[in-house]
file query_21.tsv (TSV, C-alpha atoms and all ligand atoms)
chain	number	residue	atom	x	y	z
A	1	MET	CA	-3.84	-28.19	10.47
A	2	SER	CA	-3.79	-31.87	9.65
A	3	THR	CA	-6.36	-32.72	7.05
A	4	GLU	CA	-6.55	-36.30	8.31
A	5	VAL	CA	-7.62	-36.05	11.96
A	6	TYR	CA	-9.09	-33.20	13.98
A	7	HIS	CA	-9.48	-33.51	17.77
A	8	PHE	CA	-12.24	-31.76	19.68
A	9	LYS	CA	-14.36	-32.23	22.79
A	10	VAL	CA	-18.09	-32.39	23.41
A	11	GLY	CA	-18.40	-32.03	27.20
A	12	ALA	CA	-16.47	-34.99	28.61
A	13	PHE	CA	-16.45	-36.89	25.30
A	14	GLU	CA	-13.18	-36.96	23.34
A	15	CYS	CA	-14.02	-36.69	19.66
A	16	MET	CA	-12.12	-36.89	16.42
A	17	ALA	CA	-13.16	-36.01	12.88
A	18	VAL	CA	-11.26	-38.62	10.88
A	19	SER	CA	-10.77	-38.36	7.14
A	20	ASP	CA	-11.32	-41.39	4.96
A	21	GLY	CA	-9.91	-39.41	2.04
A	22	THR	CA	-11.60	-37.56	-0.79
A	23	LEU	CA	-13.39	-38.45	-3.98
A	24	THR	CA	-13.32	-36.28	-7.08
A	25	TYR	CA	-16.75	-36.26	-8.68
A	26	THR	CA	-16.32	-35.40	-12.32
A	27	PRO	CA	-17.69	-36.49	-15.71
A	28	PRO	CA	-17.89	-38.96	-17.34
A	29	THR	CA	-18.27	-41.14	-14.22
A	30	PHE	CA	-20.51	-38.57	-12.52
A	31	PRO	CA	-22.67	-35.73	-13.77
A	32	PRO	CA	-21.06	-32.25	-13.63
A	33	PRO	CA	-21.11	-30.79	-10.08
A	34	THR	CA	-23.95	-28.38	-10.82
A	35	THR	CA	-26.21	-31.29	-11.82
A	36	LEU	CA	-24.91	-33.72	-9.22
A	37	LEU	CA	-25.40	-31.36	-6.27
A	38	PHE	CA	-28.21	-29.04	-7.39
A	39	SER	CA	-30.20	-31.05	-9.89
A	40	ASN	CA	-33.46	-29.06	-9.51
A	41	ALA	CA	-31.99	-25.56	-9.07
A	42	PRO	CA	-33.13	-22.87	-11.54
A	43	ARG	CA	-30.02	-22.22	-13.68
A	44	GLY	CA	-29.94	-18.44	-13.26
A	45	ASP	CA	-30.30	-18.58	-9.46
A	46	LEU	CA	-27.72	-21.34	-9.28
A	47	GLU	CA	-25.14	-19.42	-11.29
A	48	HIS	CA	-25.68	-16.33	-9.14
A	49	THR	CA	-25.30	-18.32	-5.91
A	50	LEU	CA	-22.19	-20.13	-7.13
A	51	ARG	CA	-20.53	-16.83	-8.00
A	52	GLN	CA	-21.28	-15.59	-4.47
A	53	HIS	CA	-19.27	-18.61	-3.31
A	54	ASN	CA	-16.40	-17.76	-5.68
A	55	ILE	CA	-17.22	-20.67	-7.96
A	56	GLN	CA	-17.28	-19.91	-11.69
A	57	PRO	CA	-20.18	-22.07	-12.91
A	58	GLU	CA	-18.84	-22.51	-16.44
A	59	HIS	CA	-15.46	-23.70	-15.13
A	60	TRP	CA	-16.72	-25.90	-12.30
A	61	ALA	CA	-15.65	-29.27	-13.68
A	62	GLU	CA	-15.15	-31.31	-10.53
A	63	TRP	CA	-16.38	-31.53	-6.95
A	64	ILE	CA	-13.69	-32.81	-4.62
A	65	SER	CA	-15.62	-34.16	-1.67
A	66	PRO	CA	-14.10	-35.01	1.68
A	67	TYR	CA	-15.34	-38.15	3.44
A	68	ILE	CA	-15.30	-37.44	7.19
A	69	CYS	CA	-16.01	-40.12	9.78
A	70	LEU	CA	-16.40	-39.43	13.49
A	71	LEU	CA	-14.88	-41.18	16.47
A	72	VAL	CA	-16.35	-40.56	19.92
A	73	ASN	CA	-14.68	-41.81	23.07
A	74	THR	CA	-17.36	-41.54	25.75
A	75	GLY	CA	-15.06	-42.93	28.44
A	76	GLU	CA	-17.03	-46.14	28.40
A	77	HIS	CA	-17.39	-46.71	24.66
A	78	ARG	CA	-15.45	-46.03	21.52
A	79	VAL	CA	-18.02	-45.23	18.89
A	80	LEU	CA	-17.35	-44.83	15.18
A	81	VAL	CA	-19.88	-43.06	12.97
A	82	ASP	CA	-19.67	-44.38	9.39
A	83	THR	CA	-16.86	-46.47	7.97
A	84	GLY	CA	-15.86	-44.62	4.79
A	85	ALA	CA	-15.56	-45.88	1.23
A	86	ASP	CA	-12.70	-48.39	1.49
A	87	GLY	CA	-11.18	-48.90	-1.98
A	88	LEU	CA	-13.88	-47.12	-3.98
A	89	ASP	CA	-11.10	-44.84	-5.28
A	90	PRO	CA	-7.29	-44.63	-4.80
A	91	ASN	CA	-7.89	-41.54	-2.62
A	92	THR	CA	-10.40	-43.18	-0.27
A	93	GLY	CA	-10.11	-45.91	2.36
A	94	LYS	CA	-7.75	-44.04	4.69
A	95	LEU	CA	-9.92	-44.38	7.80
A	96	LEU	CA	-8.12	-47.36	9.37
A	97	GLN	CA	-4.63	-45.95	8.85
A	98	ASN	CA	-5.70	-42.58	10.23
A	99	LEU	CA	-7.16	-44.29	13.32
A	100	GLN	CA	-4.02	-46.42	13.72
A	101	ALA	CA	-1.88	-43.27	13.60
A	102	GLU	CA	-3.87	-42.06	16.64
A	103	GLY	CA	-3.23	-45.35	18.45
A	104	ILE	CA	-6.71	-46.70	17.81
A	105	ALA	CA	-6.96	-50.27	16.54
A	106	PRO	CA	-10.09	-51.67	14.87
A	107	GLU	CA	-10.52	-53.96	17.90
A	108	ASP	CA	-10.89	-50.91	20.17
A	109	ILE	CA	-14.16	-49.81	18.55
A	110	ASP	CA	-17.17	-51.33	20.29
A	111	MET	CA	-20.00	-49.56	18.41
A	112	VAL	CA	-20.30	-48.53	14.79
A	113	ILE	CA	-23.26	-46.33	13.88
A	114	LEU	CA	-24.13	-46.16	10.18
A	115	THR	CA	-26.01	-43.02	9.15
A	116	HIS	CA	-27.07	-44.67	5.87
A	117	CYS	CA	-25.95	-47.31	3.39
A	118	HIS	CA	-24.31	-45.37	0.55
A	119	PRO	CA	-20.85	-46.69	-0.46
A	120	ASP	CA	-18.96	-43.80	1.16
A	121	HIS	CA	-20.55	-44.56	4.56
A	122	ILE	CA	-20.50	-48.38	4.76
A	123	GLY	CA	-17.62	-49.32	2.45
A	124	GLY	CA	-15.27	-49.90	5.38
A	125	ASN	CA	-17.55	-52.33	7.25
A	126	THR	CA	-15.69	-55.35	5.89
A	127	LEU	CA	-12.16	-56.27	4.94
A	128	ASP	CA	-11.21	-57.61	1.51
A	129	ASN	CA	-11.65	-61.15	2.85
A	130	GLY	CA	-15.27	-60.37	3.74
A	131	LYS	CA	-14.65	-60.40	7.51
A	132	PRO	CA	-15.90	-57.49	9.66
A	133	ALA	CA	-13.27	-54.74	9.86
A	134	PHE	CA	-14.24	-53.94	13.47
A	135	PRO	CA	-14.30	-57.39	15.09
A	136	ASN	CA	-15.55	-56.31	18.53
A	137	ALA	CA	-18.16	-53.81	17.42
A	138	ARG	CA	-21.90	-53.92	17.41
A	139	PHE	CA	-23.56	-51.93	14.63
A	140	ALA	CA	-26.60	-49.66	14.66
A	141	MET	CA	-28.67	-48.19	11.84
A	142	TRP	CA	-32.22	-47.08	11.15
A	143	LYS	CA	-34.53	-50.05	10.45
A	144	ASP	CA	-36.01	-48.55	7.25
A	145	GLU	CA	-32.49	-48.27	5.86
A	146	TRP	CA	-31.64	-51.90	6.49
A	147	ASP	CA	-35.00	-53.00	5.09
A	148	PHE	CA	-34.53	-50.96	1.92
A	149	TRP	CA	-31.04	-52.19	1.07
A	150	THR	CA	-31.64	-55.83	1.96
A	151	SER	CA	-34.93	-56.23	0.07
A	152	LYS	CA	-36.08	-55.97	-3.54
A	153	GLN	CA	-36.95	-52.30	-2.93
A	154	ALA	CA	-33.44	-51.07	-3.69
A	155	GLU	CA	-33.31	-52.99	-6.96
A	156	GLU	CA	-36.73	-51.69	-8.01
A	157	LYS	CA	-36.44	-48.06	-6.94
A	158	LEU	CA	-32.85	-46.98	-7.57
A	159	ASP	CA	-31.91	-45.16	-10.77
A	160	GLU	CA	-30.37	-47.49	-13.31
A	161	HIS	CA	-27.05	-45.65	-13.63
A	162	VAL	CA	-26.21	-45.90	-9.91
A	163	ARG	CA	-27.95	-49.17	-9.09
A	164	GLU	CA	-25.10	-51.60	-9.69
A	165	VAL	CA	-22.38	-49.81	-7.71
A	166	LEU	CA	-24.71	-49.03	-4.79
A	167	LEU	CA	-26.06	-52.55	-4.62
A	168	SER	CA	-22.70	-54.27	-4.95
A	169	VAL	CA	-21.27	-52.27	-2.03
A	170	ALA	CA	-24.39	-52.97	0.07
A	171	ARG	CA	-24.29	-56.70	-0.72
A	172	LYS	CA	-20.65	-56.91	0.34
A	173	ASN	CA	-20.90	-54.77	3.48
A	174	LEU	CA	-24.30	-55.46	5.03
A	175	PRO	CA	-24.68	-59.26	5.42
A	176	PRO	CA	-21.47	-59.62	7.52
A	177	ILE	CA	-22.87	-57.24	10.19
A	178	GLN	CA	-26.37	-58.75	10.40
A	179	GLU	CA	-25.60	-60.89	13.46
A	180	ARG	CA	-24.39	-57.90	15.45
A	181	LEU	CA	-26.83	-55.23	14.34
A	182	ASP	CA	-29.24	-53.12	16.39
A	183	LEU	CA	-32.05	-51.70	14.27
A	184	ILE	CA	-33.50	-48.35	15.31
A	185	GLU	CA	-37.23	-47.83	14.74
A	186	ARG	CA	-37.82	-44.57	16.57
A	187	GLU	CA	-35.81	-41.61	17.85
A	188	ARG	CA	-34.03	-42.89	20.94
A	189	GLU	CA	-30.74	-43.13	22.74
A	190	ILE	CA	-28.34	-45.63	21.16
A	191	LEU	CA	-25.75	-45.35	23.93
A	192	PRO	CA	-25.65	-42.91	26.86
A	193	GLY	CA	-25.20	-39.45	25.29
A	194	ILE	CA	-25.76	-40.62	21.71
A	195	HIS	CA	-29.27	-40.13	20.36
A	196	ALA	CA	-30.68	-41.14	16.95
A	197	LEU	CA	-32.68	-38.58	14.93
A	198	ALA	CA	-34.77	-39.59	11.92
A	199	ALA	CA	-33.48	-37.72	8.85
A	200	PRO	CA	-35.03	-39.54	5.87
A	201	GLY	CA	-34.86	-38.41	2.26
A	202	HIS	CA	-31.26	-38.69	1.10
A	203	THR	CA	-31.95	-42.41	1.56
A	204	PRO	CA	-35.12	-44.02	3.00
A	205	GLY	CA	-33.68	-44.49	6.50
A	206	HIS	CA	-31.01	-41.80	6.60
A	207	MET	CA	-30.24	-40.88	10.22
A	208	ALA	CA	-28.70	-37.95	12.06
A	209	LEU	CA	-27.23	-38.10	15.56
A	210	VAL	CA	-27.18	-35.87	18.60
A	211	ILE	CA	-24.12	-36.41	20.75
A	212	SER	CA	-24.32	-34.68	24.08
A	213	SER	CA	-22.23	-34.45	27.22
A	214	GLY	CA	-21.88	-31.89	29.98
A	215	GLY	CA	-24.40	-29.49	28.44
A	216	GLU	CA	-22.59	-29.43	25.07
A	217	GLN	CA	-23.99	-30.85	21.87
A	218	LEU	CA	-22.72	-32.12	18.54
A	219	LEU	CA	-25.26	-32.62	15.78
A	220	CYS	CA	-23.98	-35.06	13.22
A	221	ILE	CA	-26.07	-34.31	10.12
A	222	SER	CA	-24.30	-36.73	7.78
A	223	ASP	CA	-25.73	-36.18	4.26
A	224	THR	CA	-28.70	-33.99	5.21
A	225	ALA	CA	-26.70	-31.40	3.22
A	226	LEU	CA	-23.85	-32.32	0.89
A	227	HIS	CA	-22.59	-28.78	0.26
A	228	PRO	CA	-22.83	-25.56	2.33
A	229	ILE	CA	-25.04	-24.06	-0.42
A	230	HIS	CA	-27.74	-26.59	0.56
A	231	LEU	CA	-28.17	-24.64	3.81
A	232	GLU	CA	-28.81	-21.41	1.93
A	233	GLN	CA	-31.00	-23.09	-0.68
A	234	PRO	CA	-32.63	-25.96	1.21
A	235	GLU	CA	-34.91	-26.82	-1.72
A	236	TRP	CA	-32.02	-27.58	-4.07
A	237	CYS	CA	-31.50	-31.32	-4.03
A	238	ALA	CA	-28.73	-33.55	-5.24
A	239	ALA	CA	-29.15	-36.05	-8.05
A	240	VAL	CA	-28.31	-38.75	-5.48
A	241	ASP	CA	-31.11	-37.71	-3.08
A	242	PHE	CA	-33.63	-40.55	-3.05
A	243	ALA	CA	-36.76	-38.57	-2.09
A	244	PRO	CA	-36.29	-34.82	-2.69
A	245	ASP	CA	-39.51	-33.71	-0.93
A	246	GLN	CA	-38.46	-35.60	2.16
A	247	VAL	CA	-34.94	-34.15	1.94
A	248	VAL	CA	-36.34	-30.62	2.10
A	249	ALA	CA	-38.58	-31.40	5.10
A	250	THR	CA	-35.72	-33.14	6.90
A	251	ARG	CA	-33.37	-30.24	6.21
A	252	ARG	CA	-35.83	-27.73	7.64
A	253	ARG	CA	-36.27	-29.77	10.80
A	254	ILE	CA	-32.60	-30.59	11.40
A	255	LEU	CA	-31.20	-27.17	10.41
A	256	ASN	CA	-33.78	-25.39	12.57
A	257	ARG	CA	-32.75	-27.50	15.48
A	258	ALA	CA	-29.04	-26.91	14.90
A	259	ALA	CA	-29.53	-23.14	14.69
A	260	ALA	CA	-31.91	-22.93	17.67
A	261	GLU	CA	-29.63	-24.97	19.92
A	262	LYS	CA	-26.41	-23.38	18.61
A	263	ALA	CA	-25.07	-26.91	18.36
A	264	LEU	CA	-21.71	-27.75	16.92
A	265	VAL	CA	-22.44	-29.52	13.62
A	266	LEU	CA	-20.52	-32.17	11.71
A	267	ALA	CA	-21.30	-32.60	7.99
A	268	PHE	CA	-19.71	-35.64	6.30
A	269	HIS	CA	-19.03	-33.97	2.92
A	270	PHE	CA	-18.17	-30.39	3.93
A	271	PRO	CA	-14.58	-29.08	3.80
A	272	PHE	CA	-12.43	-30.86	6.42
A	273	PRO	CA	-12.91	-31.10	9.38
A	274	GLY	CA	-16.60	-30.66	8.47
A	275	LEU	CA	-17.31	-28.87	11.75
A	276	GLY	CA	-19.15	-25.61	12.18
A	277	HIS	CA	-22.32	-23.87	13.25
A	278	ILE	CA	-25.54	-23.27	11.38
A	279	VAL	CA	-27.05	-19.82	11.65
A	280	GLN	CA	-30.49	-18.70	10.57
A	281	LYS	CA	-30.44	-16.29	7.62
A	282	GLY	CA	-33.90	-15.12	6.57
A	283	GLU	CA	-35.93	-18.16	5.58
A	284	ALA	CA	-32.81	-20.28	5.27
A	285	TRP	CA	-29.46	-20.88	6.93
A	286	GLN	CA	-25.76	-20.34	6.52
A	287	TRP	CA	-22.67	-22.41	7.32
A	288	GLN	CA	-20.05	-21.00	9.66
A	289	PRO	CA	-17.03	-23.30	9.72
A	290	ILE	CA	-15.17	-23.42	13.02
A	291	ALA	CA	-11.92	-21.52	13.18
A	292	THR	CA	-9.11	-24.07	12.90
A	293	MET	CA	-5.43	-23.54	13.54
A	294	VAL	CA	-3.38	-23.68	10.36
A	301	ZN	ZN	-22.23	-39.45	1.58
call {"tool": "encode", "arguments": {"input": "query_21.tsv", "output": "structure tokens"}}
result
Amino acid sequence: MSTEVYHFKVGAFECMAVSDGTLTYTPPTFPPPTTLLFSNAPRGDLEHTLRQHNIQPEHWAEWISPYICLLVNTGEHRVLVDTGADGLDPNTGKLLQNLQAEGIAPEDIDMVILTHCHPDHIGGNTLDNGKPAFPNARFAMWKDEWDFWTSKQAEEKLDEHVREVLLSVARKNLPPIQERLDLIEREREILPGIHALAAPGHTPGHMALVISSGGEQLLCISDTALHPIHLEQPEWCAAVDFAPDQVVATRRRILNRAAAEKALVLAFHFPFPGLGHIVQKGEAWQWQPIATMV
């Protein structure tokens, strides 16, 4: 299987999970993975759970996270969900070349939906010269998200050690899209078959999407969970989660929905292609990746 692009269908919609690359989260730039991903987990429970996932806690020095964008061709629209991290790292910023390899030029995209404004999701909005990377696209995001990142709130409320990098990426990548931006204030359809779901917590206006066609459904959960263990332990939050209480409430709502509707799910940071199903397991859930051809 290619680890760059994965084709699948949702009803009549032609979809692609498109890799923007991977980032290796490791000290000293980042906290160790156990702290980064599960900052409030009781140590004993965490070590037990990691071992169940064949991770040796004492040797877990780095988390290599995929960045997985989504392209949906509805027949009428070509919609991109998130724009990747651009040059955040030598191993990121592969979105445009991976789209080009599929015969898709930036000009072909007419809608870009941003699930939230972290660097790995908006970094590809603009080119190095500051011009929009998708010249014919309108953009959509949740209004609370735009308001947070374009006001003093971000400066005042973000942790000091992440503030500068988060703000510099937002300042570069948000103003150029302002003229062509649709702000979403309530759960509603963005385009026919593409519906916005409020999923706050990871960031103030973090958003999930339901993509539906012909009775089939894809639930794009973005960063509602960063690692499959978050489904099994929905109260364990990441150090980068802005409002942990809200994260837990959002997870319960979104994961319940995914399990009840047996929807196909796309998670931005899960192992490529990030597609699978969420099944109820006791009070929590479990990730079942789709079977992919090797
Ligand atoms: Zn992310």
call {"tool": "closest_atom_pairs", "arguments": {"input": "query_21.tsv", "of": "chain A", "to": "ligand ZN 301 (chain A)", "cutoff": "9 Å", "atoms": "all atoms listed in the file", "output": "CSV"}}
result
residue,atom,partner,partner_atom,distance
A:Tyr67,CA,A:ZN301,ZN,7.3
A:Gly84,CA,A:ZN301,ZN,8.8
A:His116,CA,A:ZN301,ZN,8.3
A:Cys117,CA,A:ZN301,ZN,8.9
A:His118,CA,A:ZN301,ZN,6.4
A:Pro119,CA,A:ZN301,ZN,7.6
A:Asp120,CA,A:ZN301,ZN,5.5
A:His121,CA,A:ZN301,ZN,6.1
A:Ser222,CA,A:ZN301,ZN,7.1
A:Asp223,CA,A:ZN301,ZN,5.5
A:Leu226,CA,A:ZN301,ZN,7.3
A:Phe268,CA,A:ZN301,ZN,6.6
A:His269,CA,A:ZN301,ZN,6.5
call {"tool": "atom_distance", "arguments": {"input": "query_21.tsv", "atom1": "atom CA of A:Pro90", "atom2": "atom CA of A:Pro175"}}
result
24.9 Å
call {"tool": "closest_residue", "arguments": {"input": "query_21.tsv", "among": "A:Gln217, A:Gln56, A:Thr3, A:Gln246", "to": "A:His277", "atoms": "all atoms listed in the file"}}
result
A:Gln217
call {"tool": "closest_residue", "arguments": {"input": "query_21.tsv", "among": "A:Asn173, A:Thr126, A:Thr35, A:Thr74", "to": "A:Asp241", "atoms": "all atoms listed in the file"}}
result
A:Thr35
call {"tool": "closest_residue", "arguments": {"input": "query_21.tsv", "among": "A:Gln178, A:Gln233, A:Thr115, A:Thr224", "to": "A:Ala284", "atoms": "all atoms listed in the file"}}
result
A:Gln233
call {"tool": "atom_distance", "arguments": {"input": "query_21.tsv", "atom1": "atom CA of A:Leu191", "atom2": "atom CA of A:Val112"}}
result
11.1 Å
call {"tool": "residues_around", "arguments": {"input": "query_21.tsv", "residues": "A:Val265", "least_positions_apart": "2", "cutoff": "7 Å", "atoms": "only C-alpha atoms", "output": "PDB file with C-alpha atoms, keeping the file's coordinate frame"}}
result
ATOM      1  CA  LEU A 218     -22.720 -32.120  18.540  1.00  0.00           C
ATOM      2  CA  LEU A 219     -25.260 -32.620  15.780  1.00  0.00           C
ATOM      3  CA  CYS A 220     -23.980 -35.060  13.220  1.00  0.00           C
ATOM      4  CA  ILE A 221     -26.070 -34.310  10.120  1.00  0.00           C
ATOM      5  CA  ALA A 263     -25.070 -26.910  18.360  1.00  0.00           C
ATOM      6  CA  ALA A 267     -21.300 -32.600   7.990  1.00  0.00           C
ATOM      7  CA  LEU A 275     -17.310 -28.870  11.750  1.00  0.00           C
ATOM      8  CA  GLY A 276     -19.150 -25.610  12.180  1.00  0.00           C
ATOM      9  CA  HIS A 277     -22.320 -23.870  13.250  1.00  0.00           C
TER      10      HIS A 277
END
call {"tool": "decode", "arguments": {"input": "query_21.tsv", "residues": "stretch 41-56 of chain A", "atoms": "N, CA and C atoms", "output": "CSV table (one decimal), in the first residue's frame"}}
result
chain,number,residue,atom,x,y,z
A,41,ALA,N,-2.8,11.0,32.6
A,41,ALA,CA,-3.1,9.5,32.9
A,41,ALA,C,-2.3,9.1,34.1
A,42,PRO,N,-3.0,8.3,35.0
A,42,PRO,CA,-2.2,7.7,36.1
A,42,PRO,C,-1.1,6.8,35.6
A,43,ARG,N,0.1,6.9,36.1
A,43,ARG,CA,1.3,6.3,35.5
A,43,ARG,C,1.1,4.8,35.4
A,44,GLY,N,0.6,4.1,36.5
A,44,GLY,CA,0.5,2.7,36.5
A,44,GLY,C,-0.5,2.2,35.4
A,45,ASP,N,-1.7,2.9,35.3
A,45,ASP,CA,-2.7,2.5,34.3
A,45,ASP,C,-2.1,2.7,32.9
A,46,LEU,N,-1.4,3.8,32.8
A,46,LEU,CA,-0.8,4.1,31.5
A,46,LEU,C,0.2,3.1,31.0
A,47,GLU,N,1.1,2.7,31.9
A,47,GLU,CA,2.1,1.7,31.6
A,47,GLU,C,1.4,0.4,31.2
A,48,HIS,N,0.4,0.0,31.9
A,48,HIS,CA,-0.3,-1.2,31.6
A,48,HIS,C,-0.9,-1.2,30.2
A,49,THR,N,-1.6,0.0,30.0
A,49,THR,CA,-2.3,0.1,28.7
A,49,THR,C,-1.3,0.1,27.5
A,50,LEU,N,-0.2,0.8,27.7
A,50,LEU,CA,0.9,0.9,26.7
A,50,LEU,C,1.4,-0.5,26.3
A,51,ARG,N,1.6,-1.3,27.4
A,51,ARG,CA,2.1,-2.7,27.2
A,51,ARG,C,1.1,-3.5,26.4
A,52,GLN,N,-0.2,-3.3,26.6
A,52,GLN,CA,-1.2,-4.0,25.9
A,52,GLN,C,-1.1,-3.6,24.4
A,53,HIS,N,-0.6,-2.4,24.1
A,53,HIS,CA,-0.4,-2.0,22.7
A,53,HIS,C,1.0,-2.3,22.2
A,54,ASN,N,1.7,-3.2,22.9
A,54,ASN,CA,3.1,-3.5,22.5
A,54,ASN,C,4.0,-2.3,22.5
A,55,ILE,N,3.8,-1.4,23.4
A,55,ILE,CA,4.7,-0.3,23.5
A,55,ILE,C,5.4,-0.4,24.9
A,56,GLN,N,6.7,-0.4,24.9
A,56,GLN,CA,7.4,-0.5,26.2
A,56,GLN,C,7.6,0.9,26.7
